[in-house]
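Down below is the structure, laid out as structure tokens.
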Amino acid sequence: EMSDVKITDSIKYIGVDDKTIDLFESQYVVPNGISYNSYVILDEKVAVMDTVDVRKTDEWLANLEVALDGRDVDYLVVSHMEPDHASNIQRLAEKYPNVKVVGNAKTFAMIPQFFDIDLSKRSVAVKEGDTLNLGAHTLQFFMAPMVHWPEVMVAYEQSEKILFSADGFGKFGALDADEAWTCEARRYYFNIVGKYGAQVQALLKKAATLDIQMICPLHGPILKEDLGYYIGKYDIWSKDEPEDE
């Protein structure tokens, strides 16, 4: 069923929980499952923010259709090519023939390794600081290489001050998991992103220049308050400093 996660009036959550998976990425125990988060921005132009794992394709497409309410999709923003987020790029492109795929040069170099699809006339290549106007909403893109793949980028929505943070600020556990954020986010961070502390520090410096009111990651809950707490944890973790004396 459709999740009741509220982002804003014009930005809808269309992600899905996966509660039957044994091991995330075939190696991490996830006793409370995992969420594959995806979002859609409904404006003069419609932008889908990432897809989900192939395990949840049908459920995700159904969520998208409900949110679209008959509208078409103009853009698919691909922040990360890992299959738990990108496995439905071709499905979406075939279902919505007008959709343009938004990525960076490294994204478009990777897509042919996963899909047999010609996006030459349907790609929008962005680089550091570029913007994409959807009407009332404007996305600005920041490259986050090696957090934790080379093509990763984040998007900042300027009007509602939302950071779409890719795998950053993600955590294990389905969205309705009754558990503290920090423990499973810490485990996620050190297992998935941990080697790339310097790259996370670089991303945090970019984030510090933005007025961020909400963080929408690709796994785990949407962060709406006490953002300084979460950013502080990432700062400590990525410096490999102890949290406690």
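How things are named: the first chain in the structure tokens is A, the next is B, and so on; residues count from 1 in each chain; ligands count from 1 in the order shown.
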
Those of segment 61-241 of chain A in DSSP helix (DSSP H, G or I), formatted as an NGL selection string: :A and (61-68 or 83-86 or 89-95 or 105-114 or 181-207 or 227-238)

Could you give me, as JSON lines, a per-residue list for segment 147-192 of chain A showing, wherever an atom lies at most 9 Å from an atom of segment 199-219 of chain A, the closest pair of atoms and their distance in Å to one decimal, using only C-alpha atoms and sorting by chain then residue number from low to high?
```
{"residue": "A:Val147", "atom": "CA", "partner": "A:Val200", "partner_atom": "CA", "distance": 6.4}
{"residue": "A:His148", "atom": "CA", "partner": "A:Gln199", "partner_atom": "CA", "distance": 8.5}
{"residue": "A:Tyr156", "atom": "CA", "partner": "A:Ile212", "partner_atom": "CA", "distance": 8.2}
{"residue": "A:Gln158", "atom": "CA", "partner": "A:Asp211", "partner_atom": "CA", "distance": 8.6}
{"residue": "A:Glu160", "atom": "CA", "partner": "A:Gln213", "partner_atom": "CA", "distance": 7.6}
{"residue": "A:Lys161", "atom": "CA", "partner": "A:Ile212", "partner_atom": "CA", "distance": 5.1}
{"residue": "A:Ile162", "atom": "CA", "partner": "A:Met214", "partner_atom": "CA", "distance": 4.8}
{"residue": "A:Leu163", "atom": "CA", "partner": "A:Ile215", "partner_atom": "CA", "distance": 4.8}
{"residue": "A:Phe164", "atom": "CA", "partner": "A:Cys216", "partner_atom": "CA", "distance": 4.8}
{"residue": "A:Ser165", "atom": "CA", "partner": "A:Pro217", "partner_atom": "CA", "distance": 4.9}
{"residue": "A:Ala166", "atom": "CA", "partner": "A:Leu218", "partner_atom": "CA", "distance": 5.2}
{"residue": "A:Asp167", "atom": "CA", "partner": "A:Leu218", "partner_atom": "CA", "distance": 5.4}
{"residue": "A:Gly168", "atom": "CA", "partner": "A:Pro217", "partner_atom": "CA", "distance": 6.3}
{"residue": "A:Phe169", "atom": "CA", "partner": "A:Pro217", "partner_atom": "CA", "distance": 5.9}
{"residue": "A:Gly170", "atom": "CA", "partner": "A:His219", "partner_atom": "CA", "distance": 4.6}
{"residue": "A:Lys171", "atom": "CA", "partner": "A:His219", "partner_atom": "CA", "distance": 5.6}
{"residue": "A:Phe172", "atom": "CA", "partner": "A:His219", "partner_atom": "CA", "distance": 6.9}
{"residue": "A:Gly173", "atom": "CA", "partner": "A:His219", "partner_atom": "CA", "distance": 8.2}
{"residue": "A:Ala174", "atom": "CA", "partner": "A:His219", "partner_atom": "CA", "distance": 8.3}
{"residue": "A:Leu175", "atom": "CA", "partner": "A:His219", "partner_atom": "CA", "distance": 8.5}
```

Residue list (strand (DSSP E or B), DSSP) for segment 42-217 of chain A, as a ChimeraX atom specification: /A:42,46-49,75-77,100-103,123-125,131-133,138-143,153-157,162-164,214-216

Resulting file, chosen residues, C-alpha atoms, as a PDB file, in the first residue's frame:
```
ATOM      1  CA  LEU A  42       5.052  17.621  -9.137  1.00  0.00           C
ATOM      2  CA  VAL A  46       7.506  16.433 -13.170  1.00  0.00           C
ATOM      3  CA  ALA A  47      10.775  15.011 -11.859  1.00  0.00           C
ATOM      4  CA  VAL A  48      11.220  11.527 -10.426  1.00  0.00           C
ATOM      5  CA  MET A  49      14.146  11.323  -8.005  1.00  0.00           C
ATOM      6  CA  TYR A  75      12.696  14.030 -15.868  1.00  0.00           C
ATOM      7  CA  LEU A  76      14.285  11.132 -14.053  1.00  0.00           C
ATOM      8  CA  VAL A  77      17.136  12.310 -11.843  1.00  0.00           C
ATOM      9  CA  LYS A 100      14.637  12.791 -20.045  1.00  0.00           C
ATOM     10  CA  VAL A 101      17.309  11.246 -17.818  1.00  0.00           C
ATOM     11  CA  VAL A 102      19.336  13.682 -15.717  1.00  0.00           C
ATOM     12  CA  GLY A 103      22.822  12.613 -14.681  1.00  0.00           C
ATOM     13  CA  SER A 123      19.846  12.733 -21.622  1.00  0.00           C
ATOM     14  CA  VAL A 124      20.480  15.917 -19.666  1.00  0.00           C
ATOM     15  CA  ALA A 125      24.093  16.010 -18.473  1.00  0.00           C
ATOM     16  CA  THR A 131      20.427  23.845 -12.008  1.00  0.00           C
ATOM     17  CA  LEU A 132      17.270  22.317 -13.452  1.00  0.00           C
ATOM     18  CA  ASN A 133      14.122  24.432 -13.280  1.00  0.00           C
ATOM     19  CA  THR A 138      14.700  24.385  -8.932  1.00  0.00           C
ATOM     20  CA  LEU A 139      17.154  21.545  -8.396  1.00  0.00           C
ATOM     21  CA  GLN A 140      20.842  22.354  -8.017  1.00  0.00           C
ATOM     22  CA  PHE A 141      23.331  19.527  -8.399  1.00  0.00           C
ATOM     23  CA  PHE A 142      26.510  18.874  -6.429  1.00  0.00           C
ATOM     24  CA  MET A 143      28.887  16.072  -7.303  1.00  0.00           C
ATOM     25  CA  MET A 153      25.592  13.386  -7.011  1.00  0.00           C
ATOM     26  CA  VAL A 154      23.176  15.081  -4.661  1.00  0.00           C
ATOM     27  CA  ALA A 155      20.418  17.539  -5.510  1.00  0.00           C
ATOM     28  CA  TYR A 156      19.338  20.565  -3.494  1.00  0.00           C
ATOM     29  CA  GLU A 157      15.806  21.836  -4.106  1.00  0.00           C
ATOM     30  CA  ILE A 162      15.497  19.999   0.632  1.00  0.00           C
ATOM     31  CA  LEU A 163      18.692  18.009   0.135  1.00  0.00           C
ATOM     32  CA  PHE A 164      18.234  14.794  -1.827  1.00  0.00           C
ATOM     33  CA  MET A 214      15.020  18.570   5.202  1.00  0.00           C
ATOM     34  CA  ILE A 215      17.191  15.672   4.086  1.00  0.00           C
ATOM     35  CA  CYS A 216      15.717  13.009   1.787  1.00  0.00           C
TER      36      CYS A 216
END
```

I'd like the neighbourhood of Trp60 of chain A as an mmCIF file with N, CA, C and O atoms, in the first residue's frame, where a residue qualifies if any of its atoms comes within 12 Å (using only C-alpha atoms), though same-chain residues fewer than 3 positions away should be ignored.
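New file selection_5.cif:
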```cif
data_model
loop_
_atom_site.group_PDB
_atom_site.id
_atom_site.type_symbol
_atom_site.label_atom_id
_atom_site.label_comp_id
_atom_site.auth_asym_id
_atom_site.auth_seq_id
_atom_site.Cartn_x
_atom_site.Cartn_y
_atom_site.Cartn_z
ATOM 1 N N GLU A 1 0.846 -1.195 0.000
ATOM 2 C CA GLU A 1 0.000 0.000 0.000
ATOM 3 C C GLU A 1 0.875 1.236 0.000
ATOM 4 O O GLU A 1 2.065 1.175 0.331
ATOM 5 N N MET A 2 0.293 2.352 -0.384
ATOM 6 C CA MET A 2 1.042 3.603 -0.506
ATOM 7 C C MET A 2 1.487 4.068 0.869
ATOM 8 O O MET A 2 0.712 4.099 1.816
ATOM 9 N N SER A 3 2.755 4.432 0.973
ATOM 10 C CA SER A 3 3.270 4.919 2.244
ATOM 11 C C SER A 3 2.645 6.280 2.563
ATOM 12 O O SER A 3 2.320 7.059 1.678
ATOM 13 N N TYR A 13 6.485 11.061 -1.600
ATOM 14 C CA TYR A 13 7.305 9.870 -1.382
ATOM 15 C C TYR A 13 6.689 8.702 -2.142
ATOM 16 O O TYR A 13 5.502 8.417 -1.986
ATOM 17 N N ILE A 14 7.492 8.036 -2.981
ATOM 18 C CA ILE A 14 6.968 6.895 -3.737
ATOM 19 C C ILE A 14 7.841 5.659 -3.520
ATOM 20 O O ILE A 14 7.797 4.707 -4.304
ATOM 21 N N GLY A 15 8.644 5.685 -2.470
ATOM 22 C CA GLY A 15 9.532 4.560 -2.192
ATOM 23 C C GLY A 15 8.798 3.372 -1.604
ATOM 24 O O GLY A 15 7.579 3.395 -1.409
ATOM 25 N N VAL A 16 9.567 2.314 -1.337
ATOM 26 C CA VAL A 16 8.984 1.067 -0.838
ATOM 27 C C VAL A 16 9.878 0.449 0.224
ATOM 28 O O VAL A 16 11.101 0.579 0.181
ATOM 29 N N ASP A 17 9.239 -0.246 1.155
ATOM 30 C CA ASP A 17 9.964 -1.022 2.158
ATOM 31 C C ASP A 17 10.192 -2.433 1.639
ATOM 32 O O ASP A 17 9.344 -2.989 0.934
ATOM 33 N N ASP A 18 11.327 -2.998 1.984
ATOM 34 C CA ASP A 18 11.647 -4.389 1.657
ATOM 35 C C ASP A 18 11.895 -5.110 2.977
ATOM 36 O O ASP A 18 12.941 -4.918 3.604
ATOM 37 N N SER A 35 14.623 0.262 3.314
ATOM 38 C CA SER A 35 13.721 0.982 2.406
ATOM 39 C C SER A 35 14.508 1.427 1.184
ATOM 40 O O SER A 35 15.688 1.745 1.275
ATOM 41 N N TYR A 36 13.834 1.389 0.038
ATOM 42 C CA TYR A 36 14.376 1.991 -1.183
ATOM 43 C C TYR A 36 13.565 3.259 -1.400
ATOM 44 O O TYR A 36 12.388 3.191 -1.733
ATOM 45 N N ASN A 37 14.189 4.408 -1.171
ATOM 46 C CA ASN A 37 13.436 5.653 -1.252
ATOM 47 C C ASN A 37 13.486 6.241 -2.654
ATOM 48 O O ASN A 37 14.508 6.194 -3.333
ATOM 49 N N SER A 38 12.357 6.778 -3.057
ATOM 50 C CA SER A 38 12.220 7.434 -4.351
ATOM 51 C C SER A 38 11.181 8.526 -4.151
ATOM 52 O O SER A 38 10.313 8.414 -3.278
ATOM 53 N N TYR A 39 11.308 9.592 -4.916
ATOM 54 C CA TYR A 39 10.449 10.757 -4.703
ATOM 55 C C TYR A 39 10.005 11.298 -6.056
ATOM 56 O O TYR A 39 10.668 11.080 -7.066
ATOM 57 N N VAL A 40 8.889 12.018 -6.059
ATOM 58 C CA VAL A 40 8.483 12.693 -7.294
ATOM 59 C C VAL A 40 8.113 14.133 -6.961
ATOM 60 O O VAL A 40 7.413 14.401 -5.975
ATOM 61 N N VAL A 48 11.099 12.677 -11.312
ATOM 62 C CA VAL A 48 11.220 11.527 -10.426
ATOM 63 C C VAL A 48 12.669 11.480 -9.928
ATOM 64 O O VAL A 48 13.602 11.570 -10.730
ATOM 65 N N ASP A 50 15.227 9.249 -8.606
ATOM 66 C CA ASP A 50 15.720 7.873 -8.490
ATOM 67 C C ASP A 50 14.599 6.833 -8.569
ATOM 68 O O ASP A 50 13.421 7.139 -8.399
ATOM 69 N N THR A 51 15.008 5.587 -8.877
ATOM 70 C CA THR A 51 14.069 4.478 -8.938
ATOM 71 C C THR A 51 14.356 3.570 -7.741
ATOM 72 O O THR A 51 14.928 4.038 -6.753
ATOM 73 N N VAL A 52 13.953 2.328 -7.799
ATOM 74 C CA VAL A 52 14.161 1.424 -6.660
ATOM 75 C C VAL A 52 14.729 0.090 -7.138
ATOM 76 O O VAL A 52 14.925 -0.121 -8.335
ATOM 77 N N ASP A 53 14.949 -0.790 -6.201
ATOM 78 C CA ASP A 53 15.489 -2.112 -6.514
ATOM 79 C C ASP A 53 14.490 -2.928 -7.334
ATOM 80 O O ASP A 53 13.273 -2.779 -7.198
ATOM 81 N N VAL A 54 15.029 -3.821 -8.175
ATOM 82 C CA VAL A 54 14.197 -4.667 -9.041
ATOM 83 C C VAL A 54 13.243 -5.528 -8.211
ATOM 84 O O VAL A 54 12.176 -5.935 -8.694
ATOM 85 N N ARG A 55 13.577 -5.760 -6.952
ATOM 86 C CA ARG A 55 12.696 -6.552 -6.074
ATOM 87 C C ARG A 55 11.339 -5.871 -5.861
ATOM 88 O O ARG A 55 10.364 -6.518 -5.495
ATOM 89 N N LYS A 56 11.296 -4.558 -6.059
ATOM 90 C CA LYS A 56 10.084 -3.797 -5.720
ATOM 91 C C LYS A 56 9.562 -2.963 -6.891
ATOM 92 O O LYS A 56 8.837 -1.982 -6.695
ATOM 93 N N THR A 57 9.908 -3.370 -8.118
ATOM 94 C CA THR A 57 9.527 -2.587 -9.295
ATOM 95 C C THR A 57 8.030 -2.315 -9.374
ATOM 96 O O THR A 57 7.595 -1.167 -9.539
ATOM 97 N N ASN A 63 3.010 3.105 -7.016
ATOM 98 C CA ASN A 63 3.093 4.322 -6.195
ATOM 99 C C ASN A 63 3.255 5.558 -7.069
ATOM 100 O O ASN A 63 2.632 6.600 -6.833
ATOM 101 N N LEU A 64 4.094 5.426 -8.094
ATOM 102 C CA LEU A 64 4.329 6.556 -8.996
ATOM 103 C C LEU A 64 3.046 6.925 -9.725
ATOM 104 O O LEU A 64 2.694 8.108 -9.821
ATOM 105 N N GLU A 65 2.321 5.933 -10.222
ATOM 106 C CA GLU A 65 1.080 6.218 -10.952
ATOM 107 C C GLU A 65 0.062 6.941 -10.082
ATOM 108 O O GLU A 65 -0.602 7.881 -10.531
ATOM 109 N N VAL A 66 -0.053 6.497 -8.831
ATOM 110 C CA VAL A 66 -0.974 7.168 -7.899
ATOM 111 C C VAL A 66 -0.576 8.625 -7.726
ATOM 112 O O VAL A 66 -1.405 9.538 -7.790
ATOM 113 N N ALA A 67 0.728 8.859 -7.511
ATOM 114 C CA ALA A 67 1.206 10.226 -7.287
ATOM 115 C C ALA A 67 1.029 11.098 -8.524
ATOM 116 O O ALA A 67 0.681 12.274 -8.430
ATOM 117 N N HIS A 85 18.942 1.308 -6.525
ATOM 118 C CA HIS A 85 18.253 2.564 -6.842
ATOM 119 C C HIS A 85 18.010 2.742 -8.333
ATOM 120 O O HIS A 85 17.051 3.387 -8.731
ATOM 121 N N SER A 87 17.883 0.266 -10.838
ATOM 122 C CA SER A 87 17.552 -0.893 -11.678
ATOM 123 C C SER A 87 16.334 -0.667 -12.572
ATOM 124 O O SER A 87 16.115 -1.435 -13.498
ATOM 125 N N ASN A 88 15.563 0.389 -12.322
ATOM 126 C CA ASN A 88 14.365 0.621 -13.141
ATOM 127 C C ASN A 88 14.478 1.800 -14.106
ATOM 128 O O ASN A 88 13.459 2.292 -14.605
ATOM 129 N N ARG A 91 13.015 0.619 -17.399
ATOM 130 C CA ARG A 91 11.551 0.445 -17.261
ATOM 131 C C ARG A 91 10.837 1.790 -17.320
ATOM 132 O O ARG A 91 9.817 1.954 -18.004
ATOM 133 N N LEU A 92 11.370 2.753 -16.579
ATOM 134 C CA LEU A 92 10.727 4.069 -16.546
ATOM 135 C C LEU A 92 10.826 4.748 -17.907
ATOM 136 O O LEU A 92 9.852 5.317 -18.399
#
```

Nearby residues (only C-alpha atoms) at most 8 Å from Met146 of chain A, same-chain spacing under 4 positions excluded, as a list in words: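 Returned residues: Pro150, Glu151, Val152, Tyr196 and Gln199 of chain A.
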